[in-house]
Amino acid sequence: MTTSTPTVDRTDRSVGVAHRIAELIEPLVGGPLPVHLQAWDGSVAGDASAPRVLLRSPSALRRLLWSPGELGAAQAYVTGELDVDGDLARALDHVWGVVRERRLSAVRPGPASLLRLARLAKDLGVFGRPLPPPMSQASVKGRLHSVLRDRAAISHHYDLSNDFYELVLDSHMAYSSGYWTSDSPDYTLDDAQRDKLDLVCRKIGLDKRAGQRFLDVGCGWGSLSLHAAQEYGAQVVGVTISREQKAFIDKRIADRGLQDNVEIRIQDYREIPDGPFDAVASIEMGEHVGEANYPTYTAALHANVKPGGRVLIQQMSRREGDNPGGGAFIESFIAPDMYMRPVGRTVAMIEEAGLEVRDVHALREHYVRTVDVWTERFEARYDDVVAMVGEEVARVWRLYLIGGGMAFRDNRMGVDQILAVRSENGPSDMEPVRPTWTTTR
């Protein structure tokens, strides 16, 4: 369907598209337009000192008409129909601040406002059927958290390209929060990820003796599996449902001569046949199993560790009452079907599986620093990213990294390491005095 845009007298910007949008929005947001808006006809509205938002196409308004709020704005941004002139992080900070100050998250337009919006859309020639979703938007089908649907959801994000993730992540290819043990300018993301991997291995007791059988559930690109084998002499099984990840790890296993120490499988956490293991870890995978399936996940962790063995889960959290999926953008473009809950409820569910929780270690500020470095690397290599995955996917990732970093900074998201033991109502085999798990280098 094609639409025509009415001619606007560009010599009088007060009658242009931007002014008409401002007249409609300002009563809803309880004050002046929170941005400096420039529309496709050249008209402007709003505070000139505020971040400048560009409506490059009438399609941006059509998306917002059908999907008001975060999803419509994200769709318009990733397609380039809506853009920000200058620093995207500053713009998002400013808008989020206005939302908090004016308490706009609960505002819903009434019938009269919707009618005025429809009339404006008609006048501007943008009224019509919904536009197709951007190519980068996820499309997963089937029963929620079935094995096949989970594989499709994981593939959407993690099978993007191993080469792409190598541009953004550290040399370990750890796609999870690092553990920053130094403020030295010589201390890098590689160091923080190495220290996180050490922290996990020591918490689950791999430093006690070599040769322990270790299960890495949701092993990603193999950072923990390889580190446990190389540095602690563990016999490792890593499971993933991403074929791209397995191919990447298998090459590293061969390059490092670890074929006798590490086995990587394409296997769902519900299908592991050869437990129990001496220790189990699952790093930032529990968010993807869903609320209804979380007891199945924790039961699998319990079943796959021997009595007295330790289990470590590193997992993101959300505050009570916040969107457990992370919001419309994350759910639609990044991690379909993700579910986060307050850490206390996760602890209770782990204990209901028969595991005794021994330690909860909050790492939220560590994730802020981790995402900051990912963002710096991404921006420094933006042209390479675009050449590899295209402009639309690059814009998805820019929005994802900046928005994610803000969420951890502002305590809208957290991340925790939860250490548990299968104590079987007997000795836990844990040290009576809390040990120093962090290595000194």
# chains A, B, ... in the order shown; residues from 1 in each chain; ligands from 1

$ closest_atom_pairs --of "segment 38-91 of chain A" --to "segment 116-140 of chain A" --cutoff "10 Å" --atoms "only C-alpha atoms" --output "tab-separated table"
residue	atom	partner	partner_atom	distance
A:Ser57	CA	A:Val126	CA	9.6
A:Pro58	CA	A:Val126	CA	5.9
A:Ser59	CA	A:Val126	CA	6.8
A:Ala60	CA	A:Val126	CA	9.0
A:Leu61	CA	A:Val126	CA	6.9
A:Arg62	CA	A:Val126	CA	5.7
A:Arg63	CA	A:Leu131	CA	6.7
A:Leu64	CA	A:Pro130	CA	9.7
A:Leu65	CA	A:Leu117	CA	7.7
A:Trp66	CA	A:Pro130	CA	6.3
A:Ser67	CA	A:Pro130	CA	8.9
A:Gly72	CA	A:Pro133	CA	9.6
A:Ala74	CA	A:Pro134	CA	9.8
A:Gln75	CA	A:Pro134	CA	6.5
A:Ala76	CA	A:Pro134	CA	8.6
A:Val78	CA	A:Pro134	CA	7.7
A:Thr79	CA	A:Pro134	CA	6.7

$ select_by_dssp --residues "segment 100-328 of chain A" --states "strand (DSSP E)" --output "MDAnalysis selection string"
chainID A and resid 213:217 235:240 262:266 277:283 305:318

$ select_by_dssp --residues "segment 111-303 of chain A" --states "helix (DSSP H, G or I)" --output "number ranges by chain"
A: 111-123, 147-158, 162-168, 189-203, 223-232, 243-256, 269-271, 286-288, 294-303

$ closest_residue --among "A:Ser161, A:Arg194, A:Gly238, A:Gly309" --to "Gln212 of chain A" --atoms "only C-alpha atoms"
A:Gly309

$ closest_atom_pairs --of "segment 248-294 of chain A" --to "segment 328-339 of chain A" --cutoff "6 Å" --atoms "only C-alpha atoms" --output "tab-separated table"
residue	atom	partner	partner_atom	distance
A:Glu287	CA	A:Tyr339	CA	5.2
A:His288	CA	A:Met338	CA	4.7
A:Gly290	CA	A:Tyr339	CA	5.2

$ write_last_selection --atoms "N, CA and C atoms" --output "JSON list (two decimals), in the first residue's frame"
[["chain", "number", "residue", "atom", "x", "y", "z"],
["A", 287, "GLU", "N", 17.58, -17.63, 32.68],
["A", 287, "GLU", "CA", 16.60, -16.64, 32.23],
["A", 287, "GLU", "C", 15.81, -17.14, 31.02],
["A", 288, "HIS", "N", 16.37, -18.09, 30.29],
["A", 288, "HIS", "CA", 15.78, -18.52, 29.02],
["A", 288, "HIS", "C", 14.86, -19.72, 29.15],
["A", 290, "GLY", "N", 12.17, -20.06, 31.16],
["A", 290, "GLY", "CA", 10.77, -19.72, 31.41],
["A", 290, "GLY", "C", 10.34, -19.99, 32.84]]

$ residues_around --residues "segment 407-413 of chain A" --least-positions-apart "2" --cutoff "6 Å" --atoms "only C-alpha atoms" --output "mmCIF file with N, CA, C and O atoms, in the first residue's frame"
data_model
loop_
_atom_site.group_PDB
_atom_site.id
_atom_site.type_symbol
_atom_site.label_atom_id
_atom_site.label_comp_id
_atom_site.auth_asym_id
_atom_site.auth_seq_id
_atom_site.Cartn_x
_atom_site.Cartn_y
_atom_site.Cartn_z
ATOM 1 N N SER A 317 18.195 -10.846 37.050
ATOM 2 C CA SER A 317 16.962 -10.715 37.827
ATOM 3 C C SER A 317 16.261 -9.406 37.483
ATOM 4 O O SER A 317 16.863 -8.496 36.900
ATOM 5 N N ARG A 318 14.991 -9.340 37.854
ATOM 6 C CA ARG A 318 14.192 -8.117 37.738
ATOM 7 C C ARG A 318 13.511 -7.863 39.074
ATOM 8 O O ARG A 318 13.246 -8.794 39.846
ATOM 9 N N VAL A 368 27.568 -3.553 34.708
ATOM 10 C CA VAL A 368 27.640 -2.210 34.122
ATOM 11 C C VAL A 368 28.993 -2.025 33.440
ATOM 12 O O VAL A 368 29.069 -1.568 32.280
ATOM 13 N N GLY A 404 20.615 -1.970 27.804
ATOM 14 C CA GLY A 404 20.952 -2.957 28.823
ATOM 15 C C GLY A 404 21.881 -2.401 29.885
ATOM 16 O O GLY A 404 21.696 -2.640 31.081
ATOM 17 N N GLY A 405 22.892 -1.644 29.452
ATOM 18 C CA GLY A 405 23.793 -1.032 30.411
ATOM 19 C C GLY A 405 23.069 -0.095 31.362
ATOM 20 O O GLY A 405 23.336 -0.072 32.567
#

$ atom_distance --atom1 "atom CA of Pro427 of chain A" --atom2 "atom CA of Met285 of chain A"
28.6 Å

$ residues_around --residues "Phe277 of chain A" --least-positions-apart "4" --cutoff "8 Å" --atoms "only C-alpha atoms" --output "PyMOL selection string"
chain A and resi 212-215+304-306+309

$ write_last_selection --atoms "all heavy atoms" --output "tab-separated table (two decimals), in the first residue's frame"
chain	number	residue	atom	x	y	z
A	212	GLN	N	37.91	-33.93	38.23
A	212	GLN	CA	36.49	-33.97	38.57
A	212	GLN	C	35.63	-33.83	37.30
A	212	GLN	O	35.98	-33.10	36.38
A	212	GLN	CB	36.14	-32.84	39.54
A	212	GLN	CG	36.80	-32.98	40.90
A	212	GLN	CD	36.33	-31.90	41.85
A	212	GLN	OE1	35.16	-31.88	42.27
A	212	GLN	NE2	37.22	-30.98	42.21
A	213	ARG	N	34.50	-34.53	37.31
A	213	ARG	CA	33.55	-34.42	36.20
A	213	ARG	C	32.69	-33.17	36.43
A	213	ARG	O	32.05	-33.02	37.48
A	213	ARG	CB	32.65	-35.65	36.10
A	213	ARG	CG	33.37	-36.92	35.69
A	213	ARG	CD	32.35	-38.04	35.46
A	213	ARG	NE	31.58	-37.82	34.25
A	213	ARG	CZ	30.25	-37.98	34.15
A	213	ARG	NH1	29.52	-38.30	35.22
A	213	ARG	NH2	29.64	-37.78	33.00
A	214	PHE	N	32.68	-32.31	35.41
A	214	PHE	CA	32.02	-31.01	35.53
A	214	PHE	C	31.05	-30.84	34.37
A	214	PHE	O	31.41	-31.06	33.21
A	214	PHE	CB	33.06	-29.90	35.54
A	214	PHE	CG	32.48	-28.51	35.33
A	214	PHE	CD1	31.45	-28.05	36.14
A	214	PHE	CD2	32.98	-27.69	34.34
A	214	PHE	CE1	30.91	-26.78	35.94
A	214	PHE	CE2	32.47	-26.43	34.13
A	214	PHE	CZ	31.43	-25.97	34.93
A	215	LEU	N	29.80	-30.45	34.68
A	215	LEU	CA	28.77	-30.21	33.67
A	215	LEU	C	28.52	-28.72	33.54
A	215	LEU	O	28.19	-28.05	34.53
A	215	LEU	CB	27.48	-30.93	34.08
A	215	LEU	CG	26.25	-30.67	33.18
A	215	LEU	CD1	26.48	-31.22	31.77
A	215	LEU	CD2	25.00	-31.31	33.80
A	304	ASN	N	21.65	-33.90	38.21
A	304	ASN	CA	22.94	-34.09	37.54
A	304	ASN	C	24.15	-33.76	38.40
A	304	ASN	O	25.27	-33.73	37.90
A	304	ASN	CB	22.97	-33.26	36.25
A	304	ASN	CG	22.26	-33.95	35.11
A	304	ASN	OD1	22.74	-34.97	34.62
A	304	ASN	ND2	21.13	-33.41	34.69
A	305	VAL	N	23.94	-33.53	39.71
A	305	VAL	CA	25.07	-33.36	40.61
A	305	VAL	C	25.00	-34.43	41.69
A	305	VAL	O	23.92	-34.79	42.16
A	305	VAL	CB	25.08	-31.93	41.23
A	305	VAL	CG1	23.95	-31.75	42.24
A	305	VAL	CG2	26.43	-31.62	41.85
A	306	LYS	N	26.15	-34.95	42.06
A	306	LYS	CA	26.18	-36.03	43.06
A	306	LYS	C	25.86	-35.47	44.45
A	306	LYS	O	26.01	-34.26	44.70
A	306	LYS	CB	27.56	-36.69	43.06
A	306	LYS	CG	28.65	-35.79	43.62
A	306	LYS	CD	29.99	-36.49	43.65
A	306	LYS	CE	31.05	-35.61	44.36
A	306	LYS	NZ	32.36	-36.27	44.42
A	309	GLY	N	27.75	-32.54	46.04
A	309	GLY	CA	28.29	-31.72	44.96
A	309	GLY	C	27.67	-30.34	44.91
A	309	GLY	O	26.56	-30.11	45.41

$ atom_distance --atom1 "atom CA of Lys246 of chain A" --atom2 "atom CA of Val421 of chain A"
28.5 Å

$ residues_around --residues "segment 291-293 of chain A" --least-positions-apart "2" --cutoff "10 Å" --atoms "only C-alpha atoms" --output "list in words"
Leu144, His145, Ser146, Gly286, Glu287, His288, Val289, Pro295, Thr296, Tyr297, Thr298, Ala299, Pro324, Asp337, Met338, Tyr339, Met340, Arg341 and Thr346 of chain A

$ closest_residue --among "A:His227, A:Arg265, A:Arg143, A:Arg202" --to "Met173 of chain A" --atoms "only C-alpha atoms"
A:His227

$ residues_around --residues "Asp384 of chain A" --least-positions-apart "5" --cutoff "12 Å" --atoms "only C-alpha atoms" --output "ChimeraX atom specification"
/A:163-168,377-379,389-391,394

$ atom_distance --atom1 "atom CA of Tyr77 of chain A" --atom2 "atom CA of Arg369 of chain A"
25.5 Å

$ residues_around --residues "Asn425 of chain A" --least-positions-apart "6" --cutoff "12 Å" --atoms "only C-alpha atoms" --output "PyMOL selection string"
chain A and resi 307-308+354-356

$ write_last_selection --atoms "all heavy atoms" --output "mmCIF file, in the first residue's frame"
data_model
loop_
_atom_site.group_PDB
_atom_site.id
_atom_site.type_symbol
_atom_site.label_atom_id
_atom_site.label_comp_id
_atom_site.auth_asym_id
_atom_site.auth_seq_id
_atom_site.Cartn_x
_atom_site.Cartn_y
_atom_site.Cartn_z
ATOM 1 N N PRO A 307 25.432 -36.302 45.387
ATOM 2 C CA PRO A 307 25.253 -35.831 46.767
ATOM 3 C C PRO A 307 26.543 -35.212 47.296
ATOM 4 O O PRO A 307 27.632 -35.781 47.139
ATOM 5 C CB PRO A 307 24.882 -37.109 47.526
ATOM 6 C CG PRO A 307 24.229 -37.961 46.483
ATOM 7 C CD PRO A 307 24.982 -37.696 45.209
ATOM 8 N N GLY A 308 26.411 -34.020 47.882
ATOM 9 C CA GLY A 308 27.575 -33.273 48.345
ATOM 10 C C GLY A 308 28.187 -32.377 47.296
ATOM 11 O O GLY A 308 29.044 -31.554 47.601
ATOM 12 N N GLY A 354 15.452 -29.160 46.041
ATOM 13 C CA GLY A 354 16.225 -30.028 46.922
ATOM 14 C C GLY A 354 17.672 -29.608 47.096
ATOM 15 O O GLY A 354 18.452 -30.333 47.719
ATOM 16 N N LEU A 355 18.044 -28.435 46.548
ATOM 17 C CA LEU A 355 19.397 -27.923 46.717
ATOM 18 C C LEU A 355 19.436 -26.943 47.888
ATOM 19 O O LEU A 355 18.478 -26.197 48.114
ATOM 20 C CB LEU A 355 19.863 -27.228 45.438
ATOM 21 C CG LEU A 355 20.034 -28.143 44.217
ATOM 22 C CD1 LEU A 355 20.158 -27.311 42.942
ATOM 23 C CD2 LEU A 355 21.254 -29.047 44.386
ATOM 24 N N GLU A 356 20.515 -26.943 48.628
ATOM 25 C CA GLU A 356 20.688 -26.031 49.754
ATOM 26 C C GLU A 356 21.493 -24.817 49.282
ATOM 27 O O GLU A 356 22.665 -24.945 48.897
ATOM 28 C CB GLU A 356 21.415 -26.728 50.893
ATOM 29 C CG GLU A 356 21.650 -25.826 52.101
ATOM 30 C CD GLU A 356 22.540 -26.458 53.149
ATOM 31 O OE1 GLU A 356 23.030 -27.594 52.928
ATOM 32 O OE2 GLU A 356 22.753 -25.820 54.195
#
